[in-house]
2 protein chains.
Amino acid sequence: MKMIKLVSMSLIASSCVFGASSLAQKAKTNGLTAIPEDAKALSKLIDPKGTITEEKVALGKQLYFEPRLSKSGLISCNTCHNLGMGGADGVSAAVGHNWTANPHHLNSPTVYNAVFAQVQFWDGRSPDLEDQAQGPMQAMPEMAAAPSMVEARVNSMPEYVESFKKAYGSDVKVDFKTITATIGIYERTLVTPSRYDDFLNGKNDALSDAEKEGLDTFIDKGCATCHNGVGLGGGMQPFPLIGKYKYADVGDFKGDKNGMVKVPTLREVTQTAPYFHNGAIWSLAEAVQEMGRTQLGVEISDEDTNKIITFLKALEGRKPVIEYPQLPKSTLDTPKPDMN
Amino acid sequence: MKMIKLVSMSLIASSCVFGASSLAQKAKTNGLTAIPEDAKALSKLIDPKGTITEEKVALGKQLYFEPRLSKSGLISCNTCHNLGMGGADGVSAAVGHNWTANPHHLNSPTVYNAVFAQVQFWDGRSPDLEDQAQGPMQAMPEMAAAPSMVEARVNSMPEYVESFKKAYGSDVKVDFKTITATIGIYERTLVTPSRYDDFLNGKNDALSDAEKEGLDTFIDKGCATCHNGVGLGGGMQPFPLIGKYKYADVGDFKGDKNGMVKVPTLREVTQTAPYFHNGAIWSLAEAVQEMGRTQLGVEISDEDTNKIITFLKALEGRKPVIEYPQLPKSTLDTPKPDMN
């Protein structure tokens, strides 16, 4: 009898504090969406045009790790979007060719779950990952490679040409657009479903009570106003909306022509410090509170900040297992590395 | 009857041209040794002190791919010894921190099979991989990290400290020496047995007739005088021995105090251009012929060069499958990246 009473009280408590399954409903009502468990639904989400094939993904992975796509031969996509480091580089502003820092002091965002963003780059100027991949490869302070050099390097290696033929058919033109698009296709597969997704997908005990309380606080404070959708971010918002960003003087980035800035995904956020477009904040707690001040006009208490961070930790997902790719041999026709 | 005759002729032909199994004997007589097939024998060879354990290798792999062991947080062992590119970087001279080129214009040798070398570094100043790993991490033009910074970075991440405890016991001191030694232990496992080894281990048909002819030419021309042992290299020799190295003016490296230079391994040589201590030669054919001139005092004809290269291709080995490691999260205590 006593036991029954306890169980029943515990149910009531749980339902009062977190609304149990109604919390999942609340999350959905506030625009939070899970990575689908169902393979078909996931495939439709990450591959709406049906471009992903096993061959393209395998080739795209090689190209993602391929430093010879940079002028120097030393910098790959993975240098700044390191798949072992949460898909980012852990430095404030990207440093690339010739040790040149990003002139606008822009932080490298994570590539994990980038497929869920509506737009790419901090100013949202690129519509998708295939298009985005063209940017850093050419940018002087990043990989600094002319498209013609990228094409010449790849076409000089018969193993690559063969792989492109297998992936796209024997009449494929191995040009800059196809090379970068193949990298984008690989990046589409870099998603990290977490216990948060399991919870939204109906597994009520996938989150602890503390994590549920954190999610509830996250919603109540208004974080989900911008950090929503499957990516918990990925759209464009004015920044800062209210008041002045504490580190506004680091870099000269002003967003797009309307002052809009891409909302970063919160997936894997515990692994992707430093934060913000200029990587000026290293503490996740400070980042949460600065967001409260500049976007929501609220002071988020230390207690609520801790609750929110407890939830953010539950966004640490299951990373794809990546077999480090063996890359084709250079040939005498391969344009030489150029350090200048 | 006709068939028997053919078979018998074929046996005679094979035995005349290459000496069949006697070629393997000839190779052994000339100091060429296989990577043992037998796991125990291999273990004894790569791990004479019995330091390798699964835990140390897993941790060493993380550290090998860990850019936060460099001052900038951007350069790992794998940057210059890329396991997807034959264990090297494909550039003439290493470029590291602050985009500084190696001041002596020294080429990064492959880490694959480096365990078979008697000494490490081009001037042979280091006795083993555990000791070697201390060098590039501190060198200004490479990873440029002070030992104290390396220690502070690693000790700031509880996941690393936990892994060191698992690998070495709970009273382990996670110091520079232990960190670098763990990388060396991982590197001991990076061996690539090839069809050449299968041949020496008794599988007579592991090499084609052309490859056997190449091996025979390799021995007859005298290449095995220096490129011998399990590593087909790895000892010290004077360079150049006869005449003048064509690219002697690239860099100022003069070898050790006696003018001795480490003989590079020929394993994976088809993937590790450019060649020589200063990476001045990109063509394997030119490298073979330059070696003939400067070390053996012979002109190696184009025909013989091709034969030798046919053999060298048979040294392309079976690389270990490497799961790209997930690295621990930085904490607020982790010393920040420093680009200067």
# chains A, B, ... in the order shown; residues from 1 in each chain; ligands from 1
$ select_by_dssp --residues "stretch 31-79 of chain A" --states "alpha helix (DSSP H)" --output "list in words"
Ala39, Lys40, Ala41, Leu42, Ser43, Lys44, Leu45, Ile46, Glu54, Glu55, Lys56, Val57, Ala58, Leu59, Gly60, Lys61, Gln62, Leu63, Tyr64, Cys77, Asn78 and Thr79 of chain A
$ interface_residues --of "chain A" --to "chain B" --cutoff "10 Å" --atoms "only C-alpha atoms" --output "PyMOL selection string"
chain A and resi 62+65-68+72-76+79-80+82-86+89-92+94-101+270-274+282-284+319+321-332+336-340
$ residues_around --residues "stretch 309-312 of chain A" --least-positions-apart "5" --cutoff "7 Å" --atoms "only C-alpha atoms" --output "PyMOL selection string"
chain A and resi 210-212+214-215
$ residues_around --residues "A:Phe199" --least-positions-apart "5" --cutoff "12 Å" --atoms "only C-alpha atoms" --output "PyMOL selection string"
chain A and resi 20-25+27-28+32-37+193-194+204-209+211-212+215+311+314-315
$ select_by_dssp --residues "stretch 158-336 of chain B" --states "strand (DSSP E or B)" --output "tab-separated table (two decimals) with N, CA and C atoms, in the first residue's frame"
chain	number	residue	atom	x	y	z
B	229	GLY	N	67.09	-4.97	-44.38
B	229	GLY	CA	66.36	-5.18	-43.12
B	229	GLY	C	64.86	-5.22	-43.39
B	236	MET	N	72.03	4.15	-40.96
B	236	MET	CA	72.74	5.37	-41.33
B	236	MET	C	73.78	5.05	-42.42
B	237	GLN	N	73.89	5.96	-43.38
B	237	GLN	CA	74.86	5.80	-44.47
B	237	GLN	C	75.39	7.18	-44.85
B	238	PRO	N	76.59	7.23	-45.39
B	238	PRO	CA	77.06	8.52	-45.90
B	238	PRO	C	76.24	8.90	-47.14
B	260	MET	N	76.63	11.36	-41.87
B	260	MET	CA	75.76	10.21	-42.13
B	260	MET	C	74.30	10.65	-42.15
B	261	VAL	N	73.53	10.02	-43.02
B	261	VAL	CA	72.11	10.36	-43.20
B	261	VAL	C	71.29	9.07	-43.07
B	262	LYS	N	70.12	9.18	-42.47
B	262	LYS	CA	69.28	7.99	-42.33
B	262	LYS	C	68.76	7.54	-43.70
B	275	TYR	N	61.03	13.04	-52.89
B	275	TYR	CA	62.03	12.17	-52.28
B	275	TYR	C	63.27	12.91	-51.77
B	281	ILE	N	63.35	15.84	-55.27
B	281	ILE	CA	63.06	15.03	-56.46
B	281	ILE	C	61.64	14.45	-56.37
B	323	GLU	N	39.95	3.89	-37.50
B	323	GLU	CA	38.71	4.62	-37.19
B	323	GLU	C	39.12	6.00	-36.68
$ atom_distance --atom1 "atom CA of A:Thr192" --atom2 "atom CA of A:Arg318"
4.9 Å
$ atom_distance --atom1 "atom CA of A:Gly202" --atom2 "atom CA of A:Gly87"
27.9 Å
$ residues_around --residues "stretch 45-48 of chain A" --least-positions-apart "6" --cutoff "8 Å" --atoms "only C-alpha atoms" --output "list in words"
Val115, Phe116, Arg188 and Thr189 of chain A
$ closest_residue --among "A:Arg153, A:Lys221, A:Lys173, A:His105" --to "A:Val250" --atoms "only C-alpha atoms"
A:His105
$ residues_around --residues "B:Gly292" --least-positions-apart "5" --cutoff "12 Å" --atoms "only C-alpha atoms" --output "ChimeraX atom specification"
/B:218,220-226,239-245,285-287,297-302,304-305,308
$ write_last_selection --atoms "N, CA and C atoms" --output "PDB file, in the first residue's frame"
ATOM      1  N   PHE B 218      66.898  -5.036 -58.328  1.00  0.00           N
ATOM      2  CA  PHE B 218      67.112  -4.225 -57.119  1.00  0.00           C
ATOM      3  C   PHE B 218      68.324  -4.741 -56.344  1.00  0.00           C
ATOM      4  N   ASP B 220      70.708  -6.923 -57.559  1.00  0.00           N
ATOM      5  CA  ASP B 220      71.916  -6.952 -58.393  1.00  0.00           C
ATOM      6  C   ASP B 220      72.546  -5.568 -58.549  1.00  0.00           C
ATOM      7  N   LYS B 221      71.731  -4.545 -58.602  1.00  0.00           N
ATOM      8  CA  LYS B 221      72.280  -3.197 -58.762  1.00  0.00           C
ATOM      9  C   LYS B 221      72.920  -2.696 -57.467  1.00  0.00           C
ATOM     10  N   GLY B 222      72.603  -3.352 -56.364  1.00  0.00           N
ATOM     11  CA  GLY B 222      73.228  -2.972 -55.095  1.00  0.00           C
ATOM     12  C   GLY B 222      72.338  -2.155 -54.174  1.00  0.00           C
ATOM     13  N   CYS B 223      71.082  -1.967 -54.547  1.00  0.00           N
ATOM     14  CA  CYS B 223      70.173  -1.138 -53.738  1.00  0.00           C
ATOM     15  C   CYS B 223      70.050  -1.671 -52.302  1.00  0.00           C
ATOM     16  N   ALA B 224      70.071  -3.018 -52.212  1.00  0.00           N
ATOM     17  CA  ALA B 224      69.861  -3.637 -50.904  1.00  0.00           C
ATOM     18  C   ALA B 224      71.068  -3.466 -49.979  1.00  0.00           C
ATOM     19  N   THR B 225      72.143  -2.911 -50.510  1.00  0.00           N
ATOM     20  CA  THR B 225      73.300  -2.643 -49.650  1.00  0.00           C
ATOM     21  C   THR B 225      72.896  -1.709 -48.507  1.00  0.00           C
ATOM     22  N   CYS B 226      72.075  -0.705 -48.847  1.00  0.00           N
ATOM     23  CA  CYS B 226      71.593   0.219 -47.811  1.00  0.00           C
ATOM     24  C   CYS B 226      70.113  -0.015 -47.477  1.00  0.00           C
ATOM     25  N   PHE B 239      75.928  10.184 -47.285  1.00  0.00           N
ATOM     26  CA  PHE B 239      75.192  10.634 -48.476  1.00  0.00           C
ATOM     27  C   PHE B 239      75.637  12.030 -48.841  1.00  0.00           C
ATOM     28  N   PRO B 240      76.042  12.295 -50.086  1.00  0.00           N
ATOM     29  CA  PRO B 240      76.288  11.272 -51.100  1.00  0.00           C
ATOM     30  C   PRO B 240      77.626  10.580 -50.861  1.00  0.00           C
ATOM     31  N   LEU B 241      77.725   9.383 -51.389  1.00  0.00           N
ATOM     32  CA  LEU B 241      78.943   8.593 -51.206  1.00  0.00           C
ATOM     33  C   LEU B 241      79.911   8.848 -52.357  1.00  0.00           C
ATOM     34  N   ILE B 242      79.330   8.988 -53.540  1.00  0.00           N
ATOM     35  CA  ILE B 242      80.136   9.136 -54.756  1.00  0.00           C
ATOM     36  C   ILE B 242      79.624  10.361 -55.503  1.00  0.00           C
ATOM     37  N   GLY B 243      80.473  11.272 -55.828  1.00  0.00           N
ATOM     38  CA  GLY B 243      80.059  12.433 -56.611  1.00  0.00           C
ATOM     39  C   GLY B 243      79.209  13.374 -55.790  1.00  0.00           C
ATOM     40  N   LYS B 244      78.363  14.118 -56.490  1.00  0.00           N
ATOM     41  CA  LYS B 244      77.615  15.188 -55.846  1.00  0.00           C
ATOM     42  C   LYS B 244      76.123  14.982 -56.079  1.00  0.00           C
ATOM     43  N   TYR B 245      75.359  15.109 -55.026  1.00  0.00           N
ATOM     44  CA  TYR B 245      73.904  15.023 -55.161  1.00  0.00           C
ATOM     45  C   TYR B 245      73.437  16.222 -55.985  1.00  0.00           C
ATOM     46  N   ALA B 285      61.524   7.559 -60.676  1.00  0.00           N
ATOM     47  CA  ALA B 285      62.555   7.102 -61.621  1.00  0.00           C
ATOM     48  C   ALA B 285      63.834   7.921 -61.442  1.00  0.00           C
ATOM     49  N   GLU B 286      63.661   9.223 -61.327  1.00  0.00           N
ATOM     50  CA  GLU B 286      64.837  10.084 -61.143  1.00  0.00           C
ATOM     51  C   GLU B 286      65.522   9.764 -59.811  1.00  0.00           C
ATOM     52  N   ALA B 287      64.693   9.491 -58.800  1.00  0.00           N
ATOM     53  CA  ALA B 287      65.254   9.165 -57.488  1.00  0.00           C
ATOM     54  C   ALA B 287      66.089   7.889 -57.558  1.00  0.00           C
ATOM     55  N   GLY B 297      77.562   4.484 -57.739  1.00  0.00           N
ATOM     56  CA  GLY B 297      78.496   4.769 -58.829  1.00  0.00           C
ATOM     57  C   GLY B 297      78.136   4.077 -60.129  1.00  0.00           C
ATOM     58  N   VAL B 298      76.850   3.835 -60.325  1.00  0.00           N
ATOM     59  CA  VAL B 298      76.416   3.196 -61.577  1.00  0.00           C
ATOM     60  C   VAL B 298      75.306   4.022 -62.223  1.00  0.00           C
ATOM     61  N   GLU B 299      75.289   3.964 -63.538  1.00  0.00           N
ATOM     62  CA  GLU B 299      74.166   4.539 -64.265  1.00  0.00           C
ATOM     63  C   GLU B 299      73.104   3.439 -64.361  1.00  0.00           C
ATOM     64  N   ILE B 300      71.937   3.667 -63.813  1.00  0.00           N
ATOM     65  CA  ILE B 300      70.877   2.661 -63.932  1.00  0.00           C
ATOM     66  C   ILE B 300      70.050   3.023 -65.168  1.00  0.00           C
ATOM     67  N   SER B 301      69.982   2.112 -66.115  1.00  0.00           N
ATOM     68  CA  SER B 301      69.279   2.389 -67.379  1.00  0.00           C
ATOM     69  C   SER B 301      67.787   2.592 -67.122  1.00  0.00           C
ATOM     70  N   ASP B 302      67.129   3.214 -68.091  1.00  0.00           N
ATOM     71  CA  ASP B 302      65.686   3.401 -67.966  1.00  0.00           C
ATOM     72  C   ASP B 302      64.988   2.044 -67.813  1.00  0.00           C
ATOM     73  N   ASP B 304      66.170  -0.813 -66.559  1.00  0.00           N
ATOM     74  CA  ASP B 304      66.375  -1.358 -65.209  1.00  0.00           C
ATOM     75  C   ASP B 304      65.618  -0.531 -64.160  1.00  0.00           C
ATOM     76  N   THR B 305      65.560   0.769 -64.382  1.00  0.00           N
ATOM     77  CA  THR B 305      64.812   1.634 -63.466  1.00  0.00           C
ATOM     78  C   THR B 305      63.342   1.211 -63.432  1.00  0.00           C
ATOM     79  N   ILE B 308      62.975  -1.926 -61.450  1.00  0.00           N
ATOM     80  CA  ILE B 308      63.068  -1.659 -60.003  1.00  0.00           C
ATOM     81  C   ILE B 308      61.772  -1.031 -59.494  1.00  0.00           C
TER      82      ILE B 308
END
